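A.B. asks: As input, take coords.cif (mmCIF, C-alpha atoms and all ligand atoms):
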```cif
data_query
#
loop_
_atom_site.label_atom_id
_atom_site.label_comp_id
_atom_site.auth_asym_id
_atom_site.auth_seq_id
_atom_site.Cartn_x
_atom_site.Cartn_y
_atom_site.Cartn_z
CA MET T 71 -62.45 -39.06 -7.54
CA LYS T 72 -60.03 -38.38 -10.36
CA THR T 73 -58.45 -34.93 -10.59
CA LEU T 74 -56.64 -33.50 -13.56
CA PHE T 75 -54.30 -30.65 -12.70
CA ASP T 76 -53.45 -28.68 -15.80
CA LEU T 77 -50.13 -26.99 -15.06
CA ARG T 78 -49.46 -25.94 -18.65
CA ALA T 79 -49.36 -22.34 -19.73
CA LYS T 80 -51.82 -22.99 -22.57
CA ALA T 81 -55.02 -24.97 -22.01
CA ASP T 82 -55.81 -27.45 -24.76
CA SER T 83 -59.32 -28.92 -24.71
CA GLN T 84 -58.40 -31.52 -27.34
CA LEU T 85 -55.89 -32.99 -24.94
CA PHE T 86 -58.45 -32.97 -22.10
CA GLU T 87 -60.81 -34.97 -24.29
CA ALA T 88 -58.10 -37.40 -25.37
CA VAL T 89 -57.03 -37.99 -21.76
CA GLN T 90 -60.63 -38.23 -20.58
CA SER T 91 -61.28 -40.94 -23.17
CA LEU T 92 -58.81 -43.18 -21.28
CA TYR T 93 -61.13 -43.22 -18.25
CA ASP T 94 -64.82 -44.01 -17.67
CA GLU T 95 -65.30 -41.51 -14.86
CA PRO T 96 -65.38 -37.73 -15.55
CA PHE T 97 -62.48 -35.75 -14.08
CA ASN T 98 -62.46 -32.92 -11.66
CA ILE T 99 -60.37 -30.41 -13.68
CA ILE T 100 -58.22 -27.82 -11.90
CA ARG T 101 -56.30 -25.33 -13.99
CA LEU T 102 -53.17 -24.12 -12.25
CA GLY T 103 -51.22 -23.19 -15.35
CA ASP T 104 -52.49 -19.67 -15.87
CA GLN T 105 -50.96 -18.17 -12.74
CA PRO T 106 -47.64 -18.95 -11.09
CA ILE T 107 -47.57 -21.55 -8.32
CA THR T 108 -45.63 -19.91 -5.51
CA ALA T 109 -42.30 -21.66 -5.00
CA CYS T 110 -41.81 -23.60 -1.75
CA LEU T 111 -39.92 -21.38 0.72
CA GLY T 112 -38.32 -24.25 2.61
CA CYS T 113 -39.80 -22.90 5.86
CA TRP T 114 -41.03 -26.32 7.00
CA ASN T 115 -44.03 -24.84 8.77
CA CYS T 116 -45.94 -27.72 7.13
CA TRP T 117 -43.91 -30.17 9.19
CA LEU T 118 -43.01 -28.29 12.34
CA LYS T 119 -45.66 -25.63 13.04
CA THR T 120 -48.91 -26.53 11.29
CA PRO T 121 -48.40 -30.26 10.50
CA GLY T 122 -49.82 -31.12 7.08
CA LYS T 123 -50.65 -27.51 6.13
CA CYS T 124 -48.55 -25.22 3.93
CA ALA T 125 -47.85 -21.67 5.12
CA ILE T 126 -48.38 -20.28 1.61
CA LYS T 127 -51.96 -19.38 0.84
CA ASP T 128 -52.47 -19.63 -2.90
CA GLN T 129 -54.41 -21.68 -5.44
CA MET T 130 -52.02 -24.60 -4.94
CA ALA T 131 -52.84 -24.80 -1.21
CA GLU T 132 -56.54 -24.55 -2.09
CA SER T 133 -56.26 -27.70 -4.17
CA TYR T 134 -54.56 -29.90 -1.54
CA LEU T 135 -57.90 -31.43 -0.58
CA ASP T 136 -58.53 -32.46 -4.21
CA TYR T 137 -55.10 -34.05 -4.39
CA VAL T 138 -55.41 -36.05 -1.17
CA LYS T 139 -59.04 -37.13 -1.81
CA SER T 140 -58.35 -38.39 -5.33
CA ASP T 141 -57.56 -41.99 -6.21
CA THR T 142 -55.96 -40.73 -9.43
CA VAL T 143 -54.18 -37.45 -10.09
CA ILE T 144 -53.32 -36.53 -13.67
CA LEU T 145 -50.65 -33.87 -14.13
CA LEU T 146 -50.39 -32.10 -17.48
CA MET T 147 -47.00 -30.41 -17.52
CA ASP T 148 -44.87 -28.25 -19.78
CA THR T 149 -41.20 -28.97 -20.25
CA ALA T 150 -38.44 -26.41 -20.65
CA GLN T 151 -34.67 -26.66 -21.10
CA GLY T 152 -34.97 -30.47 -21.23
CA PHE T 153 -36.81 -30.98 -17.93
CA ILE T 154 -40.25 -30.39 -16.40
CA ASN T 155 -40.63 -26.64 -16.16
CA HIS T 156 -40.58 -24.56 -12.97
CA GLN T 157 -44.38 -24.51 -12.68
CA ALA T 158 -44.57 -28.32 -12.62
CA LYS T 159 -41.56 -28.43 -10.29
CA ALA T 160 -43.23 -25.98 -7.89
CA PHE T 161 -46.30 -28.27 -7.82
CA LEU T 162 -44.18 -31.28 -6.83
CA ASP T 163 -42.17 -29.31 -4.23
CA ARG T 164 -45.39 -28.09 -2.65
CA THR T 165 -46.66 -31.65 -2.03
CA ILE T 166 -44.32 -32.21 0.93
CA PRO T 167 -46.99 -31.28 3.54
CA HIS T 168 -48.62 -34.65 2.67
CA TYR T 169 -45.66 -36.48 4.24
CA HIS T 170 -44.06 -36.50 7.67
CA PRO T 171 -40.62 -35.20 8.43
CA TYR T 172 -40.04 -38.61 10.08
CA ILE T 173 -37.74 -40.96 8.27
CA GLU T 174 -37.63 -44.67 7.50
CA ILE T 175 -35.16 -46.63 5.41
CA VAL T 176 -36.40 -48.47 2.32
CA ALA T 177 -33.90 -50.40 0.17
CA GLY T 178 -30.91 -48.54 1.60
CA GLU T 179 -32.42 -45.06 1.21
CA CYS T 180 -34.26 -42.66 3.48
CA HIS T 181 -37.94 -42.04 2.78
CA HIS T 182 -40.37 -39.76 4.55
CA VAL T 183 -43.07 -41.57 6.52
CA ALA T 184 -46.57 -41.37 5.00
CA ARG T 185 -49.00 -38.91 6.63
CA TYR T 186 -52.08 -40.39 4.89
CA GLN T 187 -53.17 -43.99 4.59
CA ARG T 188 -53.18 -43.95 0.83
CA TYR T 189 -52.01 -41.72 -2.00
CA PRO T 190 -53.37 -41.22 -5.51
CA ASP T 191 -51.88 -42.88 -8.55
CA LEU T 192 -49.89 -40.24 -10.41
CA ILE T 193 -50.38 -39.97 -14.16
CA PHE T 194 -47.91 -37.69 -15.91
CA TYR T 195 -48.34 -36.08 -19.29
CA TYR T 196 -45.74 -33.95 -21.01
CA ASP T 197 -45.11 -33.39 -24.68
CA GLN T 198 -41.88 -35.09 -25.71
CA GLU T 199 -41.41 -32.60 -28.54
CA GLY T 200 -38.26 -30.55 -28.00
CA LEU T 201 -36.63 -33.22 -25.81
CA THR T 202 -33.74 -35.40 -26.90
CA ASP T 203 -34.18 -39.15 -26.29
CA LEU T 204 -31.86 -38.95 -23.29
CA GLU T 205 -33.68 -35.94 -21.84
CA GLU T 206 -36.98 -37.75 -22.24
CA GLN T 207 -35.55 -40.66 -20.30
CA VAL T 208 -34.17 -38.34 -17.59
CA VAL T 209 -37.60 -36.73 -17.15
CA GLU T 210 -39.36 -40.09 -17.06
CA ASP T 211 -36.90 -41.53 -14.54
CA TYR T 212 -37.24 -38.43 -12.39
CA LEU T 213 -41.03 -38.65 -12.36
CA TYR T 214 -40.98 -42.35 -11.55
CA ARG T 215 -38.56 -41.67 -8.72
CA THR T 216 -40.71 -38.89 -7.29
CA ALA T 217 -43.90 -40.97 -7.42
CA TYR T 218 -42.08 -43.88 -5.77
CA HIS T 219 -41.04 -41.68 -2.83
CA PHE T 220 -44.55 -40.20 -2.77
CA ARG T 221 -45.93 -43.75 -2.41
CA SER T 222 -47.94 -43.41 -5.59
CA LYS T 223 -48.06 -45.71 -8.59
CA ALA T 224 -46.62 -43.88 -11.60
CA TYR T 225 -47.98 -43.83 -15.15
CA ARG T 226 -47.30 -41.77 -18.19
CA ILE T 227 -49.68 -40.73 -20.91
CA LYS T 228 -47.72 -40.67 -24.12
CA LYS T 229 -48.74 -39.55 -27.54
CA GLU T 230 -48.22 -42.31 -30.07
CA ASN T 231 -51.01 -42.46 -32.67
CA ASN T 232 -53.45 -41.78 -29.88
CA GLN T 233 -52.82 -40.95 -26.25
CA LYS T 234 -51.79 -44.14 -24.46
CA LEU T 235 -51.43 -44.86 -20.76
CA TYR T 236 -48.55 -47.00 -19.61
CA PRO T 237 -46.94 -47.71 -16.24
CA LEU T 238 -43.52 -46.24 -15.49
CA GLU T 239 -40.88 -48.78 -14.56
CA PRO T 240 -38.10 -48.40 -12.00
CA ARG T 241 -34.83 -47.62 -13.75
CA LYS T 242 -31.42 -46.69 -12.52
CA PRO T 243 -30.72 -42.98 -12.87
CA GLY T 244 -28.90 -42.03 -16.05
CA ASN T 245 -26.10 -40.16 -14.25
CA GLY T 246 -22.53 -40.83 -15.33
CA SER T 247 -23.32 -40.61 -19.05
CA LEU T 248 -21.05 -37.56 -19.37
CA ALA T 249 -17.49 -37.58 -18.03
CA PHE T 250 -16.17 -34.72 -15.91
CA ALA T 251 -13.99 -32.44 -18.03
CA SER T 252 -11.39 -29.87 -17.01
CA THR T 253 -10.61 -26.31 -17.98
CA ASP T 254 -7.85 -23.79 -17.27
CA PRO T 255 -7.52 -22.59 -13.67
CA ILE T 256 -10.49 -20.33 -13.00
CA ASN T 257 -9.98 -16.57 -12.48
CA LYS T 258 -13.49 -15.99 -11.30
CA LEU T 259 -16.18 -18.60 -10.64
CA VAL T 260 -19.70 -17.21 -10.68
CA ILE T 261 -21.74 -19.28 -8.20
CA TYR T 262 -25.53 -19.14 -8.30
CA SER T 263 -26.93 -19.98 -4.88
CA GLY T 264 -30.26 -21.80 -5.15
CA SER T 265 -31.76 -21.98 -1.66
CA PRO T 266 -35.20 -20.37 -1.40
CA ARG T 267 -34.81 -20.01 2.39
CA ARG T 268 -34.99 -16.45 3.69
CA SER T 269 -33.01 -17.27 6.81
CA ARG T 270 -30.82 -20.05 8.16
CA SER T 271 -30.03 -21.40 4.73
CA ASN T 272 -27.45 -24.20 4.74
CA SER T 273 -26.33 -23.19 1.26
CA GLY T 274 -25.89 -19.63 2.49
CA GLU T 275 -23.77 -20.81 5.42
CA ILE T 276 -21.57 -23.02 3.23
CA LEU T 277 -21.13 -20.37 0.54
CA LYS T 278 -20.18 -17.79 3.16
CA LYS T 279 -17.22 -20.02 4.03
CA VAL T 280 -16.43 -20.48 0.33
CA SER T 281 -16.38 -16.72 -0.08
CA GLU T 282 -14.13 -16.27 2.99
CA ALA T 283 -11.67 -18.89 1.68
CA LEU T 284 -11.60 -17.93 -2.00
CA GLY T 285 -12.11 -14.15 -1.81
CA ASP T 286 -12.51 -12.50 -5.19
CA ARG T 287 -11.93 -15.76 -7.07
CA VAL T 288 -15.67 -16.37 -6.58
CA GLU T 289 -18.73 -14.21 -7.03
CA ILE T 290 -21.82 -15.50 -5.27
CA ARG T 291 -25.24 -14.55 -6.62
CA ASP T 292 -28.38 -15.39 -4.72
CA LEU T 293 -31.17 -16.51 -7.04
CA LYS T 294 -33.73 -15.10 -4.60
CA GLU T 295 -32.81 -11.71 -6.11
CA ARG T 296 -35.21 -12.08 -9.03
CA ASP T 297 -34.84 -8.48 -10.13
CA LYS T 298 -31.28 -9.33 -11.23
CA TRP T 299 -32.25 -12.35 -13.37
CA GLY T 300 -32.38 -10.35 -16.62
CA GLU T 301 -28.88 -8.99 -16.08
CA TRP T 302 -27.51 -12.37 -14.94
CA SER T 303 -29.01 -14.45 -17.76
CA GLU T 304 -27.55 -11.91 -20.21
CA ALA T 305 -24.14 -12.13 -18.45
CA PHE T 306 -24.27 -15.94 -18.72
CA LYS T 307 -23.69 -15.59 -22.46
CA HIS T 308 -20.14 -14.38 -21.91
CA GLU T 309 -19.21 -15.47 -18.37
CA ARG T 310 -16.66 -18.23 -18.68
CA ASP T 311 -17.07 -20.29 -15.51
CA VAL T 312 -20.41 -20.75 -13.81
CA MET T 313 -21.55 -23.03 -10.99
CA PHE T 314 -25.02 -23.78 -9.68
CA PHE T 315 -25.05 -24.59 -5.96
CA MET T 316 -28.36 -25.73 -4.45
CA PRO T 317 -30.27 -27.83 -1.96
CA LEU T 318 -32.01 -30.92 -3.31
CA TYR T 319 -35.78 -30.37 -3.51
CA VAL T 320 -37.95 -33.41 -4.21
CA HIS T 321 -35.11 -35.18 -6.01
CA ALA T 322 -34.25 -32.19 -8.19
CA MET T 323 -33.65 -28.43 -8.07
CA PRO T 324 -35.86 -25.94 -6.19
CA SER T 325 -38.43 -24.58 -8.65
CA HIS T 326 -37.05 -21.02 -8.75
CA VAL T 327 -33.66 -22.44 -9.81
CA MET T 328 -35.41 -24.16 -12.73
CA ASP T 329 -37.15 -20.89 -13.54
CA PHE T 330 -33.75 -19.20 -13.89
CA ILE T 331 -32.21 -22.11 -15.81
CA GLU T 332 -35.06 -21.83 -18.35
CA ARG T 333 -33.78 -18.36 -19.28
CA LEU T 334 -30.23 -19.46 -20.18
CA GLU T 335 -28.96 -19.69 -23.72
CA ALA T 336 -26.20 -21.89 -25.12
CA SER T 337 -22.82 -20.19 -24.75
CA ALA T 338 -19.11 -20.97 -24.48
CA GLY T 339 -17.50 -21.67 -21.11
CA SER T 340 -17.67 -24.19 -18.30
CA ILE T 341 -20.54 -25.25 -16.07
CA SER T 342 -20.40 -27.12 -12.77
CA PHE T 343 -22.90 -28.08 -10.11
CA PHE T 344 -22.99 -28.65 -6.37
CA ILE T 345 -25.96 -30.34 -4.71
CA GLN T 346 -26.36 -30.59 -0.95
CA SER T 347 -29.24 -32.59 0.48
CA GLY T 348 -31.03 -33.39 3.71
CA PHE T 349 -30.84 -37.19 3.55
CA PRO T 350 -27.32 -38.55 4.02
CA GLU T 351 -27.11 -40.79 0.93
CA SER T 352 -25.77 -39.24 -2.26
CA SER T 353 -27.96 -41.60 -4.36
CA GLN T 354 -30.79 -39.17 -3.62
CA SER T 355 -29.15 -36.65 -5.94
CA HIS T 356 -28.33 -38.94 -8.87
CA TYR T 357 -31.51 -38.13 -10.82
CA LEU T 358 -30.69 -34.44 -10.70
CA GLU T 359 -27.08 -35.14 -11.62
CA ALA T 360 -28.38 -36.99 -14.71
CA TYR T 361 -30.33 -33.89 -15.72
CA PHE T 362 -27.35 -31.58 -15.18
CA GLU T 363 -25.26 -33.66 -17.58
CA GLN T 364 -27.91 -33.17 -20.27
CA LEU T 365 -28.22 -29.49 -19.40
CA ALA T 366 -24.47 -28.96 -19.91
CA LEU T 367 -24.80 -30.52 -23.38
CA ARG T 368 -27.87 -28.42 -24.20
CA LEU T 369 -26.07 -25.23 -23.14
CA GLY T 370 -22.97 -26.20 -25.12
CA ARG T 371 -20.76 -25.78 -22.06
CA THR T 372 -17.82 -27.84 -20.81
CA TYR T 373 -19.20 -30.02 -18.00
CA LEU T 374 -16.84 -29.90 -15.02
CA GLY T 375 -19.06 -32.21 -12.99
CA THR T 376 -21.51 -32.35 -10.10
CA ALA T 377 -20.43 -32.53 -6.46
CA ILE T 378 -22.90 -34.12 -4.04
CA LYS T 379 -23.00 -33.86 -0.28
CA GLY T 380 -25.78 -35.43 1.78
CA GLY T 381 -26.80 -35.12 5.42
CA VAL T 382 -26.68 -31.33 5.47
CA GLU T 383 -30.03 -30.62 7.16
CA GLY T 384 -29.33 -30.11 10.82
CA MET T 385 -25.85 -28.80 10.03
CA GLN T 386 -26.60 -25.58 11.84
CA LEU T 387 -27.63 -27.41 14.99
CA ARG T 388 -24.17 -28.94 15.26
CA ALA T 389 -21.57 -27.56 17.63
CA PRO T 390 -19.37 -24.95 15.85
CA LYS T 391 -16.40 -27.34 15.49
CA ALA T 392 -18.53 -30.15 14.06
CA ARG T 393 -20.13 -27.67 11.66
CA GLU T 394 -16.69 -26.46 10.49
CA LYS T 395 -15.67 -30.08 9.99
CA MET T 396 -18.67 -30.66 7.77
CA ILE T 397 -18.23 -27.51 5.70
CA GLU T 398 -14.46 -27.69 5.23
CA PRO T 399 -14.37 -30.52 2.60
CA MET T 400 -17.10 -28.77 0.60
CA VAL T 401 -15.04 -25.57 0.55
CA ARG T 402 -11.96 -27.58 -0.40
CA ALA T 403 -13.74 -29.22 -3.35
CA ILE T 404 -14.69 -25.81 -4.73
CA ASP T 405 -11.21 -24.43 -4.04
CA THR T 406 -9.70 -27.30 -6.03
CA LEU T 407 -12.12 -26.67 -8.88
CA VAL T 408 -11.11 -23.01 -9.03
CA SER T 409 -7.34 -23.55 -8.58
CA GLU T 410 -7.01 -26.52 -10.94
CA GLY T 411 -9.94 -26.04 -13.30
CA ARG T 412 -11.35 -29.44 -12.38
CA TYR T 413 -13.02 -31.24 -9.52
CA ASN T 414 -10.81 -33.75 -7.76
CA PRO T 415 -12.63 -37.12 -8.10
CA LYS T 416 -11.22 -38.38 -4.77
CA GLU T 417 -12.51 -35.33 -2.91
CA LEU T 418 -15.93 -35.75 -4.49
CA GLN T 419 -15.99 -39.46 -3.74
CA LYS T 420 -15.37 -38.75 -0.04
CA LEU T 421 -18.09 -36.09 0.01
CA ALA T 422 -20.57 -38.50 -1.54
CA VAL T 423 -20.25 -41.17 1.19
CA PRO T 424 -22.56 -42.95 1.90
CA VAL T 425 -23.98 -43.55 -1.54
CA ARG T 426 -26.61 -45.83 0.04
CA PHE T 427 -26.99 -47.54 3.39
CA GLY T 428 -25.82 -51.12 3.76
CA LEU T 429 -27.49 -53.81 5.87
CA ILE T 430 -25.57 -52.95 9.06
CA VAL T 431 -26.53 -49.28 9.06
CA THR T 432 -30.12 -50.18 8.13
CA GLY T 433 -30.24 -52.58 11.11
CA LEU T 434 -28.79 -49.97 13.47
CA PHE T 435 -31.24 -47.39 12.13
CA LYS T 436 -34.17 -49.70 12.90
CA LEU T 437 -32.83 -50.27 16.41
CA PHE T 438 -32.37 -46.53 17.04
CA ALA T 439 -35.86 -45.88 15.62
CA ARG T 440 -37.31 -48.35 18.12
CA LEU T 441 -35.49 -46.51 20.92
CA GLY T 442 -37.03 -43.24 19.69
CA LEU T 443 -33.64 -41.74 18.78
CA VAL T 444 -34.06 -41.34 15.03
CA ASN T 445 -36.83 -38.78 14.95
CA SER T 446 -35.90 -36.85 18.08
CA PHE T 447 -34.46 -34.08 15.83
CA TRP T 448 -37.97 -33.40 14.51
CA ASP T 449 -39.85 -34.05 17.76
CA LYS T 450 -37.69 -31.50 19.59
CA GLN T 451 -38.60 -28.81 17.06
CA LEU T 452 -42.29 -29.80 17.06
CA LYS T 453 -42.32 -29.48 20.86
CA GLU T 454 -40.61 -26.09 20.74
CA ASN T 455 -43.40 -24.94 18.41
CA ASN T 456 -46.17 -26.46 20.60
CA ALA T 457 -47.08 -28.60 17.59
CA PHE T 458 -45.99 -32.02 18.82
CA GLU T 459 -49.55 -33.08 19.73
CA ARG T 460 -50.65 -32.26 16.18
CA SER T 461 -47.74 -33.92 14.45
CA PHE T 462 -49.92 -36.80 13.13
CA ASP T 463 -52.70 -34.50 11.88
CA ARG T 464 -54.25 -35.31 8.51
CA PRO T 465 -55.86 -31.99 7.64
CA TYR T 466 -57.18 -33.15 4.25
CA ASN T 467 -58.63 -36.52 5.22
C1 LIG T 501 -39.50 -28.88 -0.36
C2 LIG T 501 -38.26 -29.60 0.09
C3 LIG T 501 -37.90 -30.76 -0.59
C4 LIG T 501 -36.75 -31.44 -0.21
N1 LIG T 501 -36.43 -32.59 -0.89
C5 LIG T 501 -35.34 -33.29 -0.53
C6 LIG T 501 -35.01 -34.51 -1.20
O1 LIG T 501 -35.69 -34.93 -2.14
N2 LIG T 501 -33.95 -35.22 -0.75
C7 LIG T 501 -33.16 -34.77 0.28
O2 LIG T 501 -32.21 -35.47 0.64
N3 LIG T 501 -33.42 -33.59 0.91
C8 LIG T 501 -34.49 -32.85 0.52
N4 LIG T 501 -34.79 -31.68 1.16
C9 LIG T 501 -33.88 -31.20 2.22
C10 LIG T 501 -32.92 -30.09 1.74
O3 LIG T 501 -32.19 -30.48 0.62
C11 LIG T 501 -31.96 -29.78 2.89
O4 LIG T 501 -32.70 -29.44 4.00
C12 LIG T 501 -30.98 -28.67 2.52
O5 LIG T 501 -29.86 -28.73 3.40
C13 LIG T 501 -31.60 -27.28 2.64
O6 LIG T 501 -30.65 -26.32 2.26
P1 LIG T 501 -30.89 -24.75 2.38
O7 LIG T 501 -31.01 -24.46 3.85
O8 LIG T 501 -29.69 -24.12 1.77
O9 LIG T 501 -32.14 -24.45 1.63
C14 LIG T 501 -35.93 -30.97 0.84
C15 LIG T 501 -36.29 -29.79 1.52
C16 LIG T 501 -37.45 -29.12 1.15
C17 LIG T 501 -37.83 -27.88 1.89
#
```
What would you get if you wrote out this structure as structure tokens?
C.D. replies:
Amino acid sequence: MKTLFDLRAKADSQLFEAVQSLYDEPFNIIRLGDQPITACLGCWNCWLKTPGKCAIKDQMAESYLDYVKSDTVILLMDTAQGFINHQAKAFLDRTIPHYHPYIEIVAGECHHVARYQRYPDLIFYYDQEGLTDLEEQVVEDYLYRTAYHFRSKAYRIKKENNQKLYPLEPRKPGNGSLAFASTDPINKLVIYSGSPRRSRSNSGEILKKVSEALGDRVEIRDLKERDKWGEWSEAFKHERDVMFFMPLYVHAMPSHVMDFIERLEASAGSISFFIQSGFPESSQSHYLEAYFEQLALRLGRTYLGTAIKGGVEGMQLRAPKAREKMIEPMVRAIDTLVSEGRYNPKELQKLAVPVRFGLIVTGLFKLFARLGLVNSFWDKQLKENNAFERSFDRPYN
């Protein structure tokens, strides 16, 4: 079965026909573009309470069976602000039930273990109009990366004279194309907090410490407060120093963060970013960093840089002292940014260790995995939820 998910706001039957002409078999067409796909809440019920099943009941969850049963999934997406838009991002975030929380190392990076025996090829379509060449590359690299971690072959349908299908190639992320700049010491840094979690958010915990240390030199705004988005996007036009702080979600920002970013207009001032992720290696965040560099250019703002800290999931299960030890350098990096108007490269370099795992750590990881120590973090929580017996369920097989 081949399924075409149309995630675009406007349906376009001409495009359906052009894409269909690339295949012999008729598609199963599912239109998800006309109503919002609910953003992933980060609750992890799909891993720890009802393995393989999402807690959100909407049209996205209703189409999981079509996704898993297909040998080919075609995604028609809109772009906005130089990236895939929040609707497409929500779709990708909501695919995590199809993977296990369990981890394995592939080429020096953590991957989630496959829940199903096979996954569909992923065919991406987005209109390159409105994207700069670099943005187009950032989007393509991001989609390749996501498909690679999803264990799917990646292709893109691109409009040349006609629609053409071609495989996406692995490429290094384009981060580092824009140097970190500096500004005057910051009087007030507005920090947008991008975790969708309602409780026990790691971002929330870290930013609480930032607020305690920096007092009124920072103002923290939680992007879950959607009713304030109009006021905040208006304020962005004249607020001098703004940071986006967020967890990494499927190699990029959570979809509601993208939704907010789409509303921003070019304006004077500085912009900085802070990404914290579950996997320990900072390489996981490089594709998002590449996008943020382009975003700073698009918004006409001075790019102060992107700080990256991995290994944050599980932070709250640490003993209080160990938790403090983990949070302290993150607070310091933001303090430096505010006091000096620039990130300190040495501080960021330390935060970003390890960039990838070397052979020794990979070997030790394999040994610990064999001893059952690697995934005990997840097994403990599955047992607490009486879900351990169901942890290998494949609800859509
Ligand atoms: C839908 C989803 C996708 C995620 N994707 C990634 C990822 O691609 N790489 C990674 O290292 N961590 C990923 N994580 C883990 C989060 O980045 C990590 O748990 C983070 O600390 C959560 O922060 P918060 O509690 O502030 O939301 C993901 C988590 C969720 C729920």
A.B. asks: With all atoms listed in the file as the counted atoms, please give the residues lying no more than 7 Å from stretch 278-286 of chain T, apart from itself and same-chain residues fewer than 4 positions off, as JSON, numbers by chain.
C.D. replies: {"T": [274, 401, 405]}
A.B. asks: Rounded to one decimal place, report the atom CA of T:Cys124-atom CA of T:Ser446 distance in Å.
C.D. replies: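 Calculated distance between atom CA of T:Cys124 and atom CA of T:Ser446 is 22.3 Å.
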A.B. asks: How many Å lie between atom CA of T:Phe349 and atom CA of T:Ala125, rounded to one decimal?
C.D. replies: 23.1 Å
A.B. asks: Calculated over all atoms listed in the file, which of the candidates T:Met323, T:Ile276, T:Val208, T:Val183 has the smallest distance to T:Met385?
C.D. replies: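 Using all atoms listed in the file, the shortest distance to T:Met385 belongs to T:Ile276.
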A.B. asks: Counting only C-alpha atoms, write as a PDB file with C-alpha atoms, in the coordinates of the input all protein and nucleic acid residues lying at most 10 Å from (-59.6, -35.4, 4.4) in the file's frame.
C.D. replies:
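The resulting file, out-v3.pdb, is shown below:
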```
ATOM      1  CA  TYR T 134     -54.560 -29.900  -1.540  1.00  0.00           C
ATOM      2  CA  LEU T 135     -57.900 -31.430  -0.580  1.00  0.00           C
ATOM      3  CA  ASP T 136     -58.530 -32.460  -4.210  1.00  0.00           C
ATOM      4  CA  TYR T 137     -55.100 -34.050  -4.390  1.00  0.00           C
ATOM      5  CA  VAL T 138     -55.410 -36.050  -1.170  1.00  0.00           C
ATOM      6  CA  LYS T 139     -59.040 -37.130  -1.810  1.00  0.00           C
ATOM      7  CA  TYR T 186     -52.080 -40.390   4.890  1.00  0.00           C
ATOM      8  CA  ARG T 464     -54.250 -35.310   8.510  1.00  0.00           C
ATOM      9  CA  PRO T 465     -55.860 -31.990   7.640  1.00  0.00           C
ATOM     10  CA  TYR T 466     -57.180 -33.150   4.250  1.00  0.00           C
ATOM     11  CA  ASN T 467     -58.630 -36.520   5.220  1.00  0.00           C
TER      12      ASN T 467
END
```
A.B. asks: Do you know which residues lie at most 7 Å from (-11.0, -33.4, -3.3), with coordinates as in the file and only C-alpha atoms counted, and could you write them as a list in words?
C.D. replies: Arg402, Ala403, Thr406, Tyr413, Asn414, Pro415, Lys416, Glu417 and Leu418 of chain T
A.B. asks: Set the distance at 6 Å and use only C-alpha atoms: which residues neighbour stretch 140-146 of chain T once local chain neighbours fewer than 6 positions away are removed? I'd like the list as a ChimeraX atom specification.
C.D. replies: /T:71-77,190-195
A.B. asks: How would the residues just chosen look if you wrote them out with C-alpha atoms as a PDB file, in the frame of the given file?
C.D. replies:
```
ATOM      1  CA  MET T  71     -62.450 -39.060  -7.540  1.00  0.00           C
ATOM      2  CA  LYS T  72     -60.030 -38.380 -10.360  1.00  0.00           C
ATOM      3  CA  THR T  73     -58.450 -34.930 -10.590  1.00  0.00           C
ATOM      4  CA  LEU T  74     -56.640 -33.500 -13.560  1.00  0.00           C
ATOM      5  CA  PHE T  75     -54.300 -30.650 -12.700  1.00  0.00           C
ATOM      6  CA  ASP T  76     -53.450 -28.680 -15.800  1.00  0.00           C
ATOM      7  CA  LEU T  77     -50.130 -26.990 -15.060  1.00  0.00           C
ATOM      8  CA  PRO T 190     -53.370 -41.220  -5.510  1.00  0.00           C
ATOM      9  CA  ASP T 191     -51.880 -42.880  -8.550  1.00  0.00           C
ATOM     10  CA  LEU T 192     -49.890 -40.240 -10.410  1.00  0.00           C
ATOM     11  CA  ILE T 193     -50.380 -39.970 -14.160  1.00  0.00           C
ATOM     12  CA  PHE T 194     -47.910 -37.690 -15.910  1.00  0.00           C
ATOM     13  CA  TYR T 195     -48.340 -36.080 -19.290  1.00  0.00           C
TER      14      TYR T 195
END
```
A.B. asks: Can you tell me which residues surround stretch 370-373 of chain T at a distance of at most 7 Å, considering all atoms listed in the file, apart from same-chain residues fewer than 3 positions away, and format the answer as number ranges by chain?
C.D. replies: T: 250-251, 336-342, 366-367
A.B. asks: For ligand LIG 501 (chain T), which residue among T:Glu95, T:Glu205, T:Glu398, T:Glu383 is the nearest when counting only C-alpha atoms and all ligand atoms?
C.D. replies: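 Going through T:Glu95, T:Glu205, T:Glu398, T:Glu383 one by one, the smallest distance to ligand LIG 501 (chain T) is for T:Glu383.
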A.B. asks: Kindly give the distance, in Å, that separates atom CA of T:Glu174 and atom CA of T:Trp117, rounded to a single decimal.
C.D. replies: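 Between atom CA of T:Glu174 and atom CA of T:Trp117 the gap works out to 15.9 Å.
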A.B. asks: Can you tell me which residues sit at most 9 Å away from ligand LIG 501 (chain T), counting all atoms listed in the file, written as JSON, numbers by chain?
C.D. replies: {"T": [110, 111, 112, 113, 114, 160, 162, 163, 164, 165, 166, 167, 180, 181, 216, 219, 263, 264, 265, 266, 267, 268, 269, 270, 271, 272, 273, 274, 275, 276, 316, 317, 318, 319, 320, 321, 322, 323, 324, 345, 346, 347, 348, 349, 350, 351, 352, 353, 354, 355, 380, 381, 382, 383, 384, 385]}
A.B. asks: In terms of the shortest atom-to-atom distance over all atoms listed in the file, which of T:Ile175, T:Met147, T:Met328, T:Val425 is closest to T:Lys80?
C.D. replies: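 Ranking T:Ile175, T:Met147, T:Met328, T:Val425 by distance to T:Lys80, first place goes to T:Met147.
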A.B. asks: Check the smallest atom-to-atom distance from each of T:Ala158, T:Ala422, T:Leu259, T:Ala439 to T:His326 using only C-alpha atoms, then report the winner.
C.D. replies: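 Selected residue with least distance to T:His326: T:Ala158.
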